[in-house]
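K.L.:
My structure is below; once you've seen it, I'll send some questions.
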Amino acid sequence: MTRPMRMPLAAGFADPVLDAQCCFRAALEAMARPGRVQRVAAPPEAPPPLGGAAAALLLTLADAGTPVWLDAGPAAEAWLRFHAGCPIAAMPGEAAFLLATGAPPPLARLAAGSEEEPHRSATLILQVASLAEGDGWRLSGPGIEREHRLRVEGSPPGFAAEWAANHARIPQGVDLFLCAGDRLAALPRSTTLIPG
Amino acid sequence: MSATTGYNFGYLDEDTKRMIRRALLKAVAIPGHQVPFGSREMPLPYGWGTGGIQVTASVIGPADRLKVIDQGADDTTNAVSIRRFFARVAGVETTERTAEASIIQTRHRIPETPLREGQILVYQVPMPEPLFRLEPRVAETKRMHALADYGLMHVKLYEDIARHGHVAISYNYPVMVNGRYLMSPSPIPAFDNPKMHRNPALQLFGAGREKRIYAVPPYTEVRSLDFEDHPFEPVRARAGCALCGSRESYLDEVVTDDAGGRIFVCSDTDYCQSRQARQEAAE
């Protein structure tokens with residue numbers, strides 16, 4: 001069988017151990033302080049449209065035990081399959097991690113865990129145009145002293161209502177990473193969002 | 001990088017770290033909920049802090065500075081050996097000063113010095129299930145957590161009050177996290193419970209033998225269970241520290257002879273020593 005010529009695969013993390021640790025700390029800090037923007041210091045060179053922070057998150061967290069759903073095209077799929085060794089999920093509802101570079105699947109259709117095991121829920125990594133602290137969404141909840149503000153350019157239409165429905169299912173629900181270039185922020189299900 | 005060759009950075013292999021990191025992120029997203037994880041065999045026995053060590057190993061990086069305390073003390077066997085372990089397998093700097101540490105692994109105390117944003121407190125937890133003395137079946141306690149059905153614990157507190165006139169729990173005093181999950185604070189004295197409430201630092205809990213991880217994010221509500229007419233009261237020995245004179249810190253009772261002699265000293269050695277150093281400098 002002849003196969004079309006392929007581009008050589010882009011590299012993963014330059015230093016898989018320490019770069020993954022560094023990215024995880026950014027992710028942990030982001031999840032612990034929703035709406036605070038973190039920078040991934042050494043993102044891998046991922047094939048477009050995969051951004052640096054989103055690609056780093058997948059390499060840090062995904063492996064053979066976590067099906068990943070993504071909409072970033074065959075080059076990104078091949079790159080991820082090679083570097084993370086993760087199965088690619090056909091349906092969004094089967095995935096542990098989802099990467100959306102365009103319109104994400106509805107949050108209500110993703111794995112939300114059960115009442116007894118709410119941790120068996122999906123994490124959505126959403127690529128947006130830009131992230132900035134200071135104005136925009138008003139966020140409150142665990143991890144936030146009074147209020148954090150986060151301006152997100154390029155979030156999907158109707159997102160605030162969808163998030164409110166996700167938040168209302170606590171302790172079940174989906175957790176979200178927002179990525180723009182090498183920057184990331186997180187919204188755990190516990191965060192209340194008021195559009196502003 | 002590491003002072004010891006032949007091991008991965010931080011001792012654990014990358015697959016294990018990834019699994020623990022995924023559990024940690026879910027634990028932070030669901031404050032107080034116990035997330036199961038595949039606890040590994042560590043080079044020390046269960047009961048010596050294997051859960052805390054695995055959490056620390058998955059979080060720690062070369063830029064971190066680690067402090068380890070055992071019942072508040074930096075200089076006891078467990079604290080010294082865990083600190084030395086990470087100096088060897090991760091090559092990180094260690095410290096005994098609470099203010100200088102970025103990660104503090106603790107057995108059964110919260111430092112007296114207030115924690116700040118950017119610090120991570122890792123607790124070693126022997127038994128993560130707060131209900132286990134009341135309901136031994138794990139399937140049943142999972143159901144109770146799912147339904148937030150904590151009546152059994154309230155009955156236990158009520159029976160304590162009926163029998164003793166007060167809640168007779170001096171350590172491992174159960175807390176409600178974010179108004180949803182009943183959580184074991186690990187065997188810290190009830191005196192330390194109020195420090196968990198809206199703490200600016202991130203608090204992570206690892207139970208190695210019981211294979212559970214849970215977390216309290218910064219600025220999260222942590223309320224010790226009580227009744228309106230019997231409010232929670234943190235207990236403290238009615239004395240001052242014999243070394244630094246503190247009347248605010250948590251005290252250990254030390255027997256000094258076989259004729260009933262005893263003194264009280266701070267359990268937090270860093271706090272006590274820095275107070276003594278300040279008093280000497282002032283003289």
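Letters for chains follow the order of the structure tokens (A, B, ...), residue numbers begin at 1 for each chain, and ligand numbers begin at 1 in the order shown.
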Please determine the contact residues of chain A with respect to chain B at a cut-off of 10 Å, counting only C-alpha atoms, and supply them as a JSON list (two decimals) with N, CA and C atoms, in the first residue's frame.
P.N.:
[["chain", "number", "residue", "atom", "x", "y", "z"],
["A", 16, "PRO", "N", 11.76, 16.23, 28.47],
["A", 16, "PRO", "CA", 10.43, 15.70, 28.84],
["A", 16, "PRO", "C", 10.14, 15.73, 30.34],
["A", 17, "VAL", "N", 11.14, 15.50, 31.18],
["A", 17, "VAL", "CA", 10.87, 15.41, 32.62],
["A", 17, "VAL", "C", 10.64, 16.80, 33.21],
["A", 18, "LEU", "N", 11.59, 17.70, 33.01],
["A", 18, "LEU", "CA", 11.48, 19.00, 33.68],
["A", 18, "LEU", "C", 10.48, 19.92, 32.99],
["A", 19, "ASP", "N", 10.34, 19.82, 31.67],
["A", 19, "ASP", "CA", 9.35, 20.66, 30.99],
["A", 19, "ASP", "C", 7.94, 20.25, 31.39],
["A", 20, "ALA", "N", 7.71, 18.94, 31.56],
["A", 20, "ALA", "CA", 6.38, 18.47, 31.99],
["A", 20, "ALA", "C", 6.11, 18.94, 33.41],
["A", 21, "GLN", "N", 7.14, 18.90, 34.27],
["A", 21, "GLN", "CA", 6.95, 19.35, 35.65],
["A", 21, "GLN", "C", 6.58, 20.83, 35.69],
["A", 22, "CYS", "N", 7.30, 21.60, 34.88],
["A", 22, "CYS", "CA", 7.08, 23.04, 34.83],
["A", 22, "CYS", "C", 5.66, 23.35, 34.33],
["A", 24, "PHE", "N", 3.10, 21.30, 34.44],
["A", 24, "PHE", "CA", 2.11, 20.86, 35.44],
["A", 24, "PHE", "C", 1.95, 21.89, 36.54],
["A", 25, "ARG", "N", 3.05, 22.50, 36.99],
["A", 25, "ARG", "CA", 2.93, 23.50, 38.05],
["A", 25, "ARG", "C", 2.11, 24.69, 37.58],
["A", 27, "ALA", "N", -0.26, 24.48, 35.36],
["A", 27, "ALA", "CA", -1.64, 23.98, 35.30],
["A", 27, "ALA", "C", -2.25, 23.90, 36.70],
["A", 28, "LEU", "N", -1.45, 23.43, 37.67],
["A", 28, "LEU", "CA", -1.95, 23.29, 39.05],
["A", 28, "LEU", "C", -2.25, 24.68, 39.64],
["A", 29, "GLU", "N", -1.35, 25.62, 39.39],
["A", 29, "GLU", "CA", -1.55, 26.98, 39.89],
["A", 29, "GLU", "C", -2.79, 27.61, 39.23],
["A", 30, "ALA", "N", -2.96, 27.34, 37.93],
["A", 30, "ALA", "CA", -4.12, 27.88, 37.20],
["A", 30, "ALA", "C", -5.41, 27.28, 37.76],
["A", 31, "MET", "N", -5.41, 25.97, 38.03],
["A", 31, "MET", "CA", -6.62, 25.31, 38.53],
["A", 31, "MET", "C", -6.91, 25.74, 39.97],
["A", 32, "ALA", "N", -5.84, 26.02, 40.75],
["A", 32, "ALA", "CA", -6.02, 26.41, 42.14],
["A", 32, "ALA", "C", -6.43, 27.88, 42.26],
["A", 33, "ARG", "N", -6.12, 28.69, 41.26],
["A", 33, "ARG", "CA", -6.48, 30.12, 41.28],
["A", 33, "ARG", "C", -7.17, 30.45, 39.97],
["A", 34, "PRO", "N", -8.45, 30.08, 39.85],
["A", 34, "PRO", "CA", -9.15, 30.22, 38.56],
["A", 34, "PRO", "C", -9.12, 31.67, 38.06],
["A", 59, "LEU", "N", 0.80, 16.94, 26.44],
["A", 59, "LEU", "CA", 1.98, 16.09, 26.67],
["A", 59, "LEU", "C", 2.19, 15.84, 28.16],
["A", 60, "THR", "N", 1.81, 16.82, 29.01],
["A", 60, "THR", "CA", 2.00, 16.67, 30.45],
["A", 60, "THR", "C", 1.00, 15.69, 31.05],
["A", 61, "LEU", "N", -0.24, 15.67, 30.53],
["A", 61, "LEU", "CA", -1.31, 14.95, 31.23],
["A", 61, "LEU", "C", -1.81, 13.70, 30.51],
["A", 62, "ALA", "N", -1.69, 13.63, 29.18],
["A", 62, "ALA", "CA", -2.29, 12.51, 28.45],
["A", 62, "ALA", "C", -1.30, 11.37, 28.30],
["A", 63, "ASP", "N", -1.80, 10.13, 28.39],
["A", 63, "ASP", "CA", -0.98, 8.95, 28.09],
["A", 63, "ASP", "C", -1.91, 7.80, 27.69],
["A", 64, "ALA", "N", -1.38, 6.60, 27.70],
["A", 64, "ALA", "CA", -2.15, 5.46, 27.19],
["A", 64, "ALA", "C", -3.47, 5.25, 27.93],
["A", 65, "GLY", "N", -3.58, 5.76, 29.13],
["A", 65, "GLY", "CA", -4.79, 5.57, 29.92],
["A", 65, "GLY", "C", -5.87, 6.62, 29.70],
["A", 66, "THR", "N", -5.60, 7.60, 28.87],
["A", 66, "THR", "CA", -6.56, 8.71, 28.73],
["A", 66, "THR", "C", -6.90, 8.94, 27.26],
["A", 114, "SER", "N", -19.69, 10.47, 37.92],
["A", 114, "SER", "CA", -20.94, 10.06, 38.56],
["A", 114, "SER", "C", -21.05, 10.76, 39.91],
["A", 115, "GLU", "N", -22.16, 10.61, 40.58],
["A", 115, "GLU", "CA", -22.31, 11.20, 41.91],
["A", 115, "GLU", "C", -21.22, 10.71, 42.85],
["A", 116, "GLU", "N", -20.93, 9.40, 42.77],
["A", 116, "GLU", "CA", -19.92, 8.85, 43.67],
["A", 116, "GLU", "C", -18.51, 9.11, 43.18],
["A", 117, "GLU", "N", -18.33, 9.23, 41.87],
["A", 117, "GLU", "CA", -16.99, 9.41, 41.32],
["A", 117, "GLU", "C", -16.96, 10.61, 40.37],
["A", 118, "PRO", "N", -17.14, 11.81, 40.93],
["A", 118, "PRO", "CA", -17.18, 13.00, 40.07],
["A", 118, "PRO", "C", -15.82, 13.31, 39.41],
["A", 119, "HIS", "N", -14.75, 12.64, 39.90],
["A", 119, "HIS", "CA", -13.43, 12.90, 39.30],
["A", 119, "HIS", "C", -13.27, 12.19, 37.96],
["A", 120, "ARG", "N", -14.18, 11.25, 37.65],
["A", 120, "ARG", "CA", -14.08, 10.58, 36.35],
["A", 120, "ARG", "C", -14.78, 11.41, 35.29],
["A", 121, "SER", "N", -14.33, 12.62, 35.16],
["A", 121, "SER", "CA", -14.97, 13.58, 34.27],
["A", 121, "SER", "C", -13.94, 14.11, 33.29],
["A", 122, "ALA", "N", -14.43, 14.69, 32.20],
["A", 122, "ALA", "CA", -13.55, 15.17, 31.15],
["A", 122, "ALA", "C", -12.92, 16.51, 31.52],
["A", 123, "THR", "N", -11.76, 16.78, 30.94],
["A", 123, "THR", "CA", -11.13, 18.10, 31.02],
["A", 123, "THR", "C", -11.07, 18.64, 29.60],
["A", 141, "GLY", "N", -15.41, 31.86, 43.69],
["A", 141, "GLY", "CA", -15.48, 30.45, 44.11],
["A", 141, "GLY", "C", -14.18, 30.05, 44.78],
["A", 142, "PRO", "N", -14.02, 28.73, 45.06],
["A", 142, "PRO", "CA", -12.79, 28.26, 45.70],
["A", 142, "PRO", "C", -11.55, 28.67, 44.89],
["A", 143, "GLY", "N", -10.50, 29.10, 45.59],
["A", 143, "GLY", "CA", -9.28, 29.53, 44.91],
["A", 143, "GLY", "C", -9.23, 31.02, 44.66],
["A", 144, "ILE", "N", -10.34, 31.71, 44.92],
["A", 144, "ILE", "CA", -10.43, 33.13, 44.61],
["A", 144, "ILE", "C", -10.76, 33.88, 45.89],
["A", 145, "GLU", "N", -9.91, 34.87, 46.25],
["A", 145, "GLU", "CA", -10.10, 35.55, 47.52],
["A", 145, "GLU", "C", -11.41, 36.35, 47.50],
["A", 146, "ARG", "N", -11.55, 37.26, 46.53],
["A", 146, "ARG", "CA", -12.81, 37.98, 46.39],
["A", 146, "ARG", "C", -13.38, 37.76, 45.00],
["A", 170, "ILE", "N", -22.56, 20.51, 40.07],
["A", 170, "ILE", "CA", -21.58, 20.16, 41.10],
["A", 170, "ILE", "C", -22.13, 19.12, 42.05],
["A", 171, "PRO", "N", -21.39, 18.11, 42.48],
["A", 171, "PRO", "CA", -19.95, 17.92, 42.23],
["A", 171, "PRO", "C", -19.61, 17.33, 40.87],
["A", 172, "GLN", "N", -20.61, 16.94, 40.08],
["A", 172, "GLN", "CA", -20.27, 16.46, 38.74],
["A", 172, "GLN", "C", -19.97, 17.66, 37.85],
["A", 173, "GLY", "N", -19.40, 17.41, 36.68],
["A", 173, "GLY", "CA", -19.15, 18.51, 35.76],
["A", 173, "GLY", "C", -17.82, 18.38, 35.05],
["A", 174, "VAL", "N", -17.58, 19.32, 34.15],
["A", 174, "VAL", "CA", -16.39, 19.33, 33.31],
["A", 174, "VAL", "C", -15.48, 20.46, 33.78],
["A", 175, "ASP", "N", -14.16, 20.23, 33.75],
["A", 175, "ASP", "CA", -13.20, 21.29, 34.08],
["A", 175, "ASP", "C", -12.57, 21.80, 32.79],
["A", 176, "LEU", "N", -12.17, 23.06, 32.81],
["A", 176, "LEU", "CA", -11.78, 23.73, 31.57],
["A", 176, "LEU", "C", -10.41, 24.39, 31.69],
["A", 186, "ALA", "N", -7.47, 28.53, 33.94],
["A", 186, "ALA", "CA", -8.37, 27.39, 34.13],
["A", 186, "ALA", "C", -9.66, 27.83, 34.79],
["A", 187, "LEU", "N", -10.73, 27.12, 34.49],
["A", 187, "LEU", "CA", -12.00, 27.25, 35.20],
["A", 187, "LEU", "C", -12.38, 25.86, 35.70],
["A", 188, "PRO", "N", -12.16, 25.56, 37.00],
["A", 188, "PRO", "CA", -12.70, 24.31, 37.52],
["A", 188, "PRO", "C", -14.22, 24.44, 37.62],
["A", 189, "ARG", "N", -14.90, 23.30, 37.74],
["A", 189, "ARG", "CA", -16.38, 23.32, 37.77],
["A", 189, "ARG", "C", -16.91, 24.15, 38.92],
["A", 190, "SER", "N", -16.05, 24.35, 39.96],
["A", 190, "SER", "CA", -16.51, 25.07, 41.16],
["A", 190, "SER", "C", -16.58, 26.58, 40.96],
["A", 191, "THR", "N", -16.12, 27.09, 39.81],
["A", 191, "THR", "CA", -16.05, 28.54, 39.61],
["A", 191, "THR", "C", -17.38, 29.09, 39.09]]
K.L.:
If we count only C-alpha atoms, what is near Ala164 in chain A at a cut-off of 9 Å, once residues fewer than 4 positions away on the same chain are taken out, given as a ChimeraX atom specification?
P.N.:
/A:159-160,168-169,192-194
K.L.:
Excluding same-chain residues fewer than 4 positions from Pro156 in chain A, what lies within 9 Å of it counting only C-alpha atoms, as a ChimeraX atom specification?
P.N.:
/A:102-104,128
K.L.:
Residues of the last selection are to be written out with N, CA and C atoms, as a tab-separated table (two decimals), in the first residue's frame.
P.N.:
chain	number	residue	atom	x	y	z
A	102	GLY	N	-11.46	24.90	17.44
A	102	GLY	CA	-12.62	25.63	16.91
A	102	GLY	C	-13.75	25.58	17.92
A	103	ALA	N	-15.00	25.45	17.42
A	103	ALA	CA	-16.14	25.38	18.32
A	103	ALA	C	-16.08	24.08	19.11
A	104	PRO	N	-16.13	24.14	20.45
A	104	PRO	CA	-16.04	22.90	21.24
A	104	PRO	C	-17.36	22.14	21.22
A	128	VAL	N	-8.26	29.73	22.66
A	128	VAL	CA	-8.94	30.99	22.39
A	128	VAL	C	-7.93	31.97	21.81
K.L.:
Rounded to one decimal place, report the CA of Asp70 in chain B-CA of Tyr173 in chain B distance in Å.
P.N.:
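Straight-line distance from CA of Asp70 in chain B to CA of Tyr173 in chain B works out to 18.5 Å.
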K.L.:
Considering only C-alpha atoms, can you say which of B:Lys211, B:His230, B:Lys195, B:Arg40 comes closest to Ala162 in chain B?
P.N.:
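For Ala162 in chain B, the nearest of the given residues is B:His230.
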K.L.:
From a DSSP calculation on the backbone, collect every residue of range 6-117 of chain A in strand (DSSP E or B) and output the set as a list in words.
P.N.:
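Answer for range 6-117 of chain A, restricted to strand (DSSP E or B): Gln38, Arg39, Val68, Trp69, Leu70, Ile88, Phe97, Leu98, Leu99, Ala100 and Ala112 of chain A.
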K.L.:
Got time to write the residues from that selection, N, CA and C atoms, as a PDB file, in the first residue's frame?
P.N.:
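Okay, part_14.pdb is ready:
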ATOM      1  N   GLN A  38      -1.337  31.937  33.612  1.00  0.00           N
ATOM      2  CA  GLN A  38       0.010  31.376  33.798  1.00  0.00           C
ATOM      3  C   GLN A  38       0.693  31.259  32.445  1.00  0.00           C
ATOM      4  N   ARG A  39       2.024  31.230  32.473  1.00  0.00           N
ATOM      5  CA  ARG A  39       2.768  31.048  31.233  1.00  0.00           C
ATOM      6  C   ARG A  39       3.474  29.703  31.272  1.00  0.00           C
ATOM      7  N   VAL A  68      -8.090  10.817  24.105  1.00  0.00           N
ATOM      8  CA  VAL A  68      -8.127  12.250  23.821  1.00  0.00           C
ATOM      9  C   VAL A  68      -8.951  12.472  22.558  1.00  0.00           C
ATOM     10  N   TRP A  69      -9.845  13.442  22.609  1.00  0.00           N
ATOM     11  CA  TRP A  69     -10.596  13.856  21.418  1.00  0.00           C
ATOM     12  C   TRP A  69     -10.026  15.192  20.974  1.00  0.00           C
ATOM     13  N   LEU A  70      -9.755  15.350  19.676  1.00  0.00           N
ATOM     14  CA  LEU A  70      -9.298  16.667  19.229  1.00  0.00           C
ATOM     15  C   LEU A  70      -9.794  16.968  17.819  1.00  0.00           C
ATOM     16  N   ILE A  88      -6.930   7.950  20.446  1.00  0.00           N
ATOM     17  CA  ILE A  88      -7.733   9.082  19.981  1.00  0.00           C
ATOM     18  C   ILE A  88      -9.198   8.666  20.056  1.00  0.00           C
ATOM     19  N   PHE A  97      -9.628  13.788  27.918  1.00  0.00           N
ATOM     20  CA  PHE A  97      -9.205  15.148  27.585  1.00  0.00           C
ATOM     21  C   PHE A  97      -9.737  15.485  26.203  1.00  0.00           C
ATOM     22  N   LEU A  98     -10.170  16.733  26.025  1.00  0.00           N
ATOM     23  CA  LEU A  98     -10.623  17.183  24.713  1.00  0.00           C
ATOM     24  C   LEU A  98      -9.871  18.451  24.376  1.00  0.00           C
ATOM     25  N   LEU A  99      -9.452  18.533  23.128  1.00  0.00           N
ATOM     26  CA  LEU A  99      -8.785  19.748  22.688  1.00  0.00           C
ATOM     27  C   LEU A  99      -9.615  20.358  21.567  1.00  0.00           C
ATOM     28  N   ALA A 100     -10.121  21.568  21.796  1.00  0.00           N
ATOM     29  CA  ALA A 100     -10.929  22.238  20.776  1.00  0.00           C
ATOM     30  C   ALA A 100     -10.190  23.480  20.296  1.00  0.00           C
ATOM     31  N   ALA A 112     -19.074  13.627  32.699  1.00  0.00           N
ATOM     32  CA  ALA A 112     -19.179  14.499  33.867  1.00  0.00           C
ATOM     33  C   ALA A 112     -18.932  13.751  35.171  1.00  0.00           C
TER      34      ALA A 112
END
K.L.:
Env of Ala87 in chain B: 12 Å cut, atoms = only C-alpha atoms, seq-sep filter 6 positions within chain, self excluded. Answer as a tab-separated table (two decimals) with all heavy atoms, in the first residue's frame.
P.N.:
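Output saved as selection_23.tsv:
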chain	number	residue	atom	x	y	z
B	1	MET	N	21.89	16.73	37.60
B	1	MET	CA	20.82	17.43	38.33
B	1	MET	C	20.65	16.78	39.70
B	1	MET	O	20.91	17.37	40.72
B	1	MET	CB	19.54	17.38	37.50
B	1	MET	CG	18.31	17.87	38.21
B	1	MET	SD	18.40	19.57	38.80
B	1	MET	CE	18.56	20.45	37.26
B	2	SER	N	20.24	15.49	39.71
B	2	SER	CA	20.05	14.83	40.99
B	2	SER	C	21.40	14.50	41.61
B	2	SER	O	22.37	14.26	40.91
B	2	SER	CB	19.28	13.52	40.81
B	2	SER	OG	18.05	13.76	40.20
B	3	ALA	N	21.41	14.50	42.93
B	3	ALA	CA	22.65	14.15	43.62
B	3	ALA	C	22.90	12.64	43.51
B	3	ALA	O	24.02	12.20	43.58
B	3	ALA	CB	22.57	14.58	45.07
B	4	THR	N	21.84	11.87	43.31
B	4	THR	CA	21.96	10.43	43.15
B	4	THR	C	21.67	10.08	41.70
B	4	THR	O	20.67	10.52	41.15
B	4	THR	CB	20.95	9.70	44.06
B	4	THR	OG1	21.22	10.06	45.40
B	4	THR	CG2	21.07	8.20	43.91
B	9	PHE	N	14.22	12.07	37.98
B	9	PHE	CA	14.07	13.25	38.82
B	9	PHE	C	12.86	13.07	39.75
B	9	PHE	O	11.76	12.76	39.29
B	9	PHE	CB	13.88	14.49	37.94
B	9	PHE	CG	13.65	15.74	38.73
B	9	PHE	CD1	14.72	16.45	39.25
B	9	PHE	CD2	12.36	16.21	38.95
B	9	PHE	CE1	14.52	17.60	39.99
B	9	PHE	CE2	12.15	17.36	39.70
B	9	PHE	CZ	13.23	18.05	40.22
B	10	GLY	N	13.07	13.20	41.05
B	10	GLY	CA	11.96	13.06	41.99
B	10	GLY	C	11.58	11.62	42.28
B	10	GLY	O	10.50	11.37	42.80
B	11	TYR	N	12.42	10.66	41.92
B	11	TYR	CA	12.28	9.23	42.23
B	11	TYR	C	11.21	8.53	41.40
B	11	TYR	O	11.45	7.47	40.85
B	11	TYR	CB	12.01	9.01	43.72
B	11	TYR	CG	11.98	7.54	44.11
B	11	TYR	CD1	13.17	6.84	44.28
B	11	TYR	CD2	10.77	6.88	44.27
B	11	TYR	CE1	13.15	5.49	44.61
B	11	TYR	CE2	10.76	5.52	44.61
B	11	TYR	CZ	11.94	4.84	44.78
B	11	TYR	OH	11.92	3.52	45.11
B	57	ALA	N	6.64	14.43	45.23
B	57	ALA	CA	7.49	14.04	44.11
B	57	ALA	C	6.86	14.41	42.77
B	57	ALA	O	7.57	14.70	41.80
B	57	ALA	CB	7.74	12.53	44.15
B	60	ILE	N	7.12	18.64	42.78
B	60	ILE	CA	8.38	19.37	43.01
B	60	ILE	C	9.19	19.56	41.73
B	60	ILE	O	9.16	18.73	40.82
B	60	ILE	CB	9.21	18.64	44.09
B	60	ILE	CG1	10.17	19.59	44.77
B	60	ILE	CG2	9.94	17.43	43.52
B	60	ILE	CD1	10.73	19.04	46.07
B	61	GLY	N	9.87	20.71	41.65
B	61	GLY	CA	10.77	21.00	40.54
B	61	GLY	C	12.08	21.55	41.07
B	61	GLY	O	12.21	21.84	42.26
B	62	PRO	N	13.07	21.71	40.18
B	62	PRO	CA	14.40	22.14	40.63
B	62	PRO	C	14.40	23.51	41.32
B	62	PRO	O	15.28	23.80	42.12
B	62	PRO	CB	15.22	22.19	39.35
B	62	PRO	CG	14.40	21.59	38.28
B	62	PRO	CD	12.99	21.48	38.74
B	64	ASP	N	12.22	24.60	43.44
B	64	ASP	CA	11.52	24.61	44.72
B	64	ASP	C	12.48	24.53	45.89
B	64	ASP	O	13.62	24.10	45.77
B	64	ASP	CB	10.54	23.42	44.79
B	64	ASP	CG	9.26	23.71	44.06
B	64	ASP	OD1	8.68	24.77	44.32
B	64	ASP	OD2	8.85	22.90	43.20
B	65	ARG	N	11.95	24.95	47.04
B	65	ARG	CA	12.69	24.83	48.29
B	65	ARG	C	11.76	24.09	49.26
B	65	ARG	O	10.65	24.53	49.49
B	65	ARG	CB	13.03	26.23	48.79
B	65	ARG	CG	14.05	26.27	49.88
B	65	ARG	CD	14.37	27.71	50.17
B	65	ARG	NE	15.54	28.12	49.42
B	65	ARG	CZ	16.68	28.51	50.03
B	65	ARG	NH1	16.73	28.53	51.33
B	65	ARG	NH2	17.71	28.87	49.31
B	66	LEU	N	12.23	22.98	49.77
B	66	LEU	CA	11.35	22.06	50.51
B	66	LEU	C	11.61	22.14	52.01
B	66	LEU	O	12.75	22.17	52.46
B	66	LEU	CB	11.61	20.63	50.02
B	66	LEU	CG	10.81	19.53	50.71
B	66	LEU	CD1	9.35	19.58	50.31
B	66	LEU	CD2	11.39	18.16	50.36
B	67	LYS	N	10.50	22.18	52.75
B	67	LYS	CA	10.57	22.05	54.21
B	67	LYS	C	9.72	20.84	54.58
B	67	LYS	O	8.66	20.62	53.99
B	67	LYS	CB	10.00	23.31	54.87
B	67	LYS	CG	9.80	23.23	56.39
B	67	LYS	CD	9.17	24.52	56.90
B	67	LYS	CE	8.58	24.38	58.29
B	67	LYS	NZ	9.56	24.59	59.36
B	68	VAL	N	10.20	20.03	55.52
B	68	VAL	CA	9.44	18.87	55.97
B	68	VAL	C	9.32	18.92	57.48
B	68	VAL	O	10.33	19.11	58.17
B	68	VAL	CB	10.11	17.53	55.56
B	68	VAL	CG1	9.23	16.35	55.96
B	68	VAL	CG2	10.39	17.49	54.07
B	80	VAL	N	13.66	14.48	58.88
B	80	VAL	CA	15.03	14.51	58.38
B	80	VAL	C	15.19	13.56	57.20
B	80	VAL	O	15.78	13.91	56.17
B	80	VAL	CB	16.03	14.14	59.51
B	80	VAL	CG1	17.43	13.95	58.96
B	80	VAL	CG2	16.02	15.22	60.58
B	81	SER	N	14.62	12.35	57.31
B	81	SER	CA	14.86	11.38	56.23
B	81	SER	C	14.10	11.76	54.97
B	81	SER	O	14.61	11.57	53.86
B	81	SER	CB	14.54	9.95	56.69
B	81	SER	OG	13.24	9.88	57.19
B	93	GLU	N	16.87	22.32	46.99
B	93	GLU	CA	17.31	22.93	48.23
B	93	GLU	C	16.27	22.65	49.30
B	93	GLU	O	15.08	22.59	49.02
B	93	GLU	CB	17.43	24.44	48.04
B	93	GLU	CG	18.58	24.80	47.13
B	93	GLU	CD	19.11	26.16	47.51
B	93	GLU	OE1	19.34	26.39	48.71
B	93	GLU	OE2	19.27	26.98	46.60
B	94	THR	N	16.73	22.50	50.53
B	94	THR	CA	15.80	22.31	51.64
B	94	THR	C	16.00	23.43	52.64
B	94	THR	O	17.02	24.13	52.62
B	94	THR	CB	16.02	20.95	52.33
B	94	THR	OG1	17.36	20.91	52.81
B	94	THR	CG2	15.79	19.81	51.38
B	95	THR	N	15.01	23.62	53.47
B	95	THR	CA	15.08	24.68	54.47
B	95	THR	C	14.29	24.25	55.69
B	95	THR	O	13.46	23.34	55.61
B	95	THR	CB	14.52	26.00	53.92
B	95	THR	OG1	14.60	27.00	54.93
B	95	THR	CG2	13.07	25.85	53.49
K.L.:
Would you pick out the contacts of Pro43 in chain A at 7 Å or less, using only C-alpha atoms, so that residues sharing its chain but fewer than 3 positions from it are not included, and give the list as a PyMOL selection string?
P.N.:
chain A and resi 13+40+52-53+56+182
K.L.:
Keeping only C-alpha atoms, write the selected residues as an mmCIF file, in the first residue's frame.
P.N.:
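So selection_9.cif came out as:
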data_model
loop_
_atom_site.group_PDB
_atom_site.id
_atom_site.type_symbol
_atom_site.label_atom_id
_atom_site.label_comp_id
_atom_site.auth_asym_id
_atom_site.auth_seq_id
_atom_site.Cartn_x
_atom_site.Cartn_y
_atom_site.Cartn_z
ATOM 1 C CA PHE A 13 9.244 18.608 24.952
ATOM 2 C CA VAL A 40 4.196 27.729 30.051
ATOM 3 C CA GLY A 52 2.143 25.973 22.714
ATOM 4 C CA ALA A 53 0.232 25.873 26.008
ATOM 5 C CA ALA A 56 2.230 21.258 26.529
ATOM 6 C CA ASP A 182 1.928 29.856 25.579
#
K.L.:
Enumerate, as an MDAnalysis selection string, the complete set of residues in range 30-275 of chain B that a backbone-based DSSP assignment places in alpha helix (DSSP H).
P.N.:
chainID B and resid 50:59 77:89 138:146 151:164 193:196 269:275
K.L.:
Of the residues A:Pro92, A:Gly35, A:Gly73, A:Pro195, which is the one nearest to Leu131 in chain A, using only C-alpha atoms?
P.N.:
A:Gly35
K.L.:
May I ask for the distance between CA of Arg262 in chain B and CA of Arg238 in chain B, given in Å to one decimal place?
P.N.:
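So the answer is 13.3 Å.
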K.L.:
Do you know which residues are at most 8 Å from Ala72 in chain A counting only C-alpha atoms, after dropping those on the same chain fewer than 2 positions away, and could you put them as a list in words?
P.N.:
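Skipping anything fewer than 2 positions along the chain leaves Pro48, Pro49, Leu50, Leu70, Pro74, Ala75, Ala76, Glu77, Leu99, Ala100 and Thr101 of chain A.
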K.L.:
Restricting the output to C-alpha atoms, write the selected residues as an mmCIF file, in the first residue's frame.
P.N.:
data_model
loop_
_atom_site.group_PDB
_atom_site.id
_atom_site.type_symbol
_atom_site.label_atom_id
_atom_site.label_comp_id
_atom_site.auth_asym_id
_atom_site.auth_seq_id
_atom_site.Cartn_x
_atom_site.Cartn_y
_atom_site.Cartn_z
ATOM 1 C CA PRO A 48 -0.581 24.119 13.861
ATOM 2 C CA PRO A 49 -3.309 24.807 14.814
ATOM 3 C CA LEU A 50 -2.085 23.391 18.162
ATOM 4 C CA LEU A 70 -9.298 16.667 19.229
ATOM 5 C CA PRO A 74 -4.428 14.623 11.182
ATOM 6 C CA ALA A 75 -0.999 16.234 11.657
ATOM 7 C CA ALA A 76 -1.784 17.167 15.265
ATOM 8 C CA GLU A 77 -3.315 13.715 15.861
ATOM 9 C CA LEU A 99 -8.785 19.748 22.688
ATOM 10 C CA ALA A 100 -10.929 22.238 20.776
ATOM 11 C CA THR A 101 -9.248 24.689 18.432
#
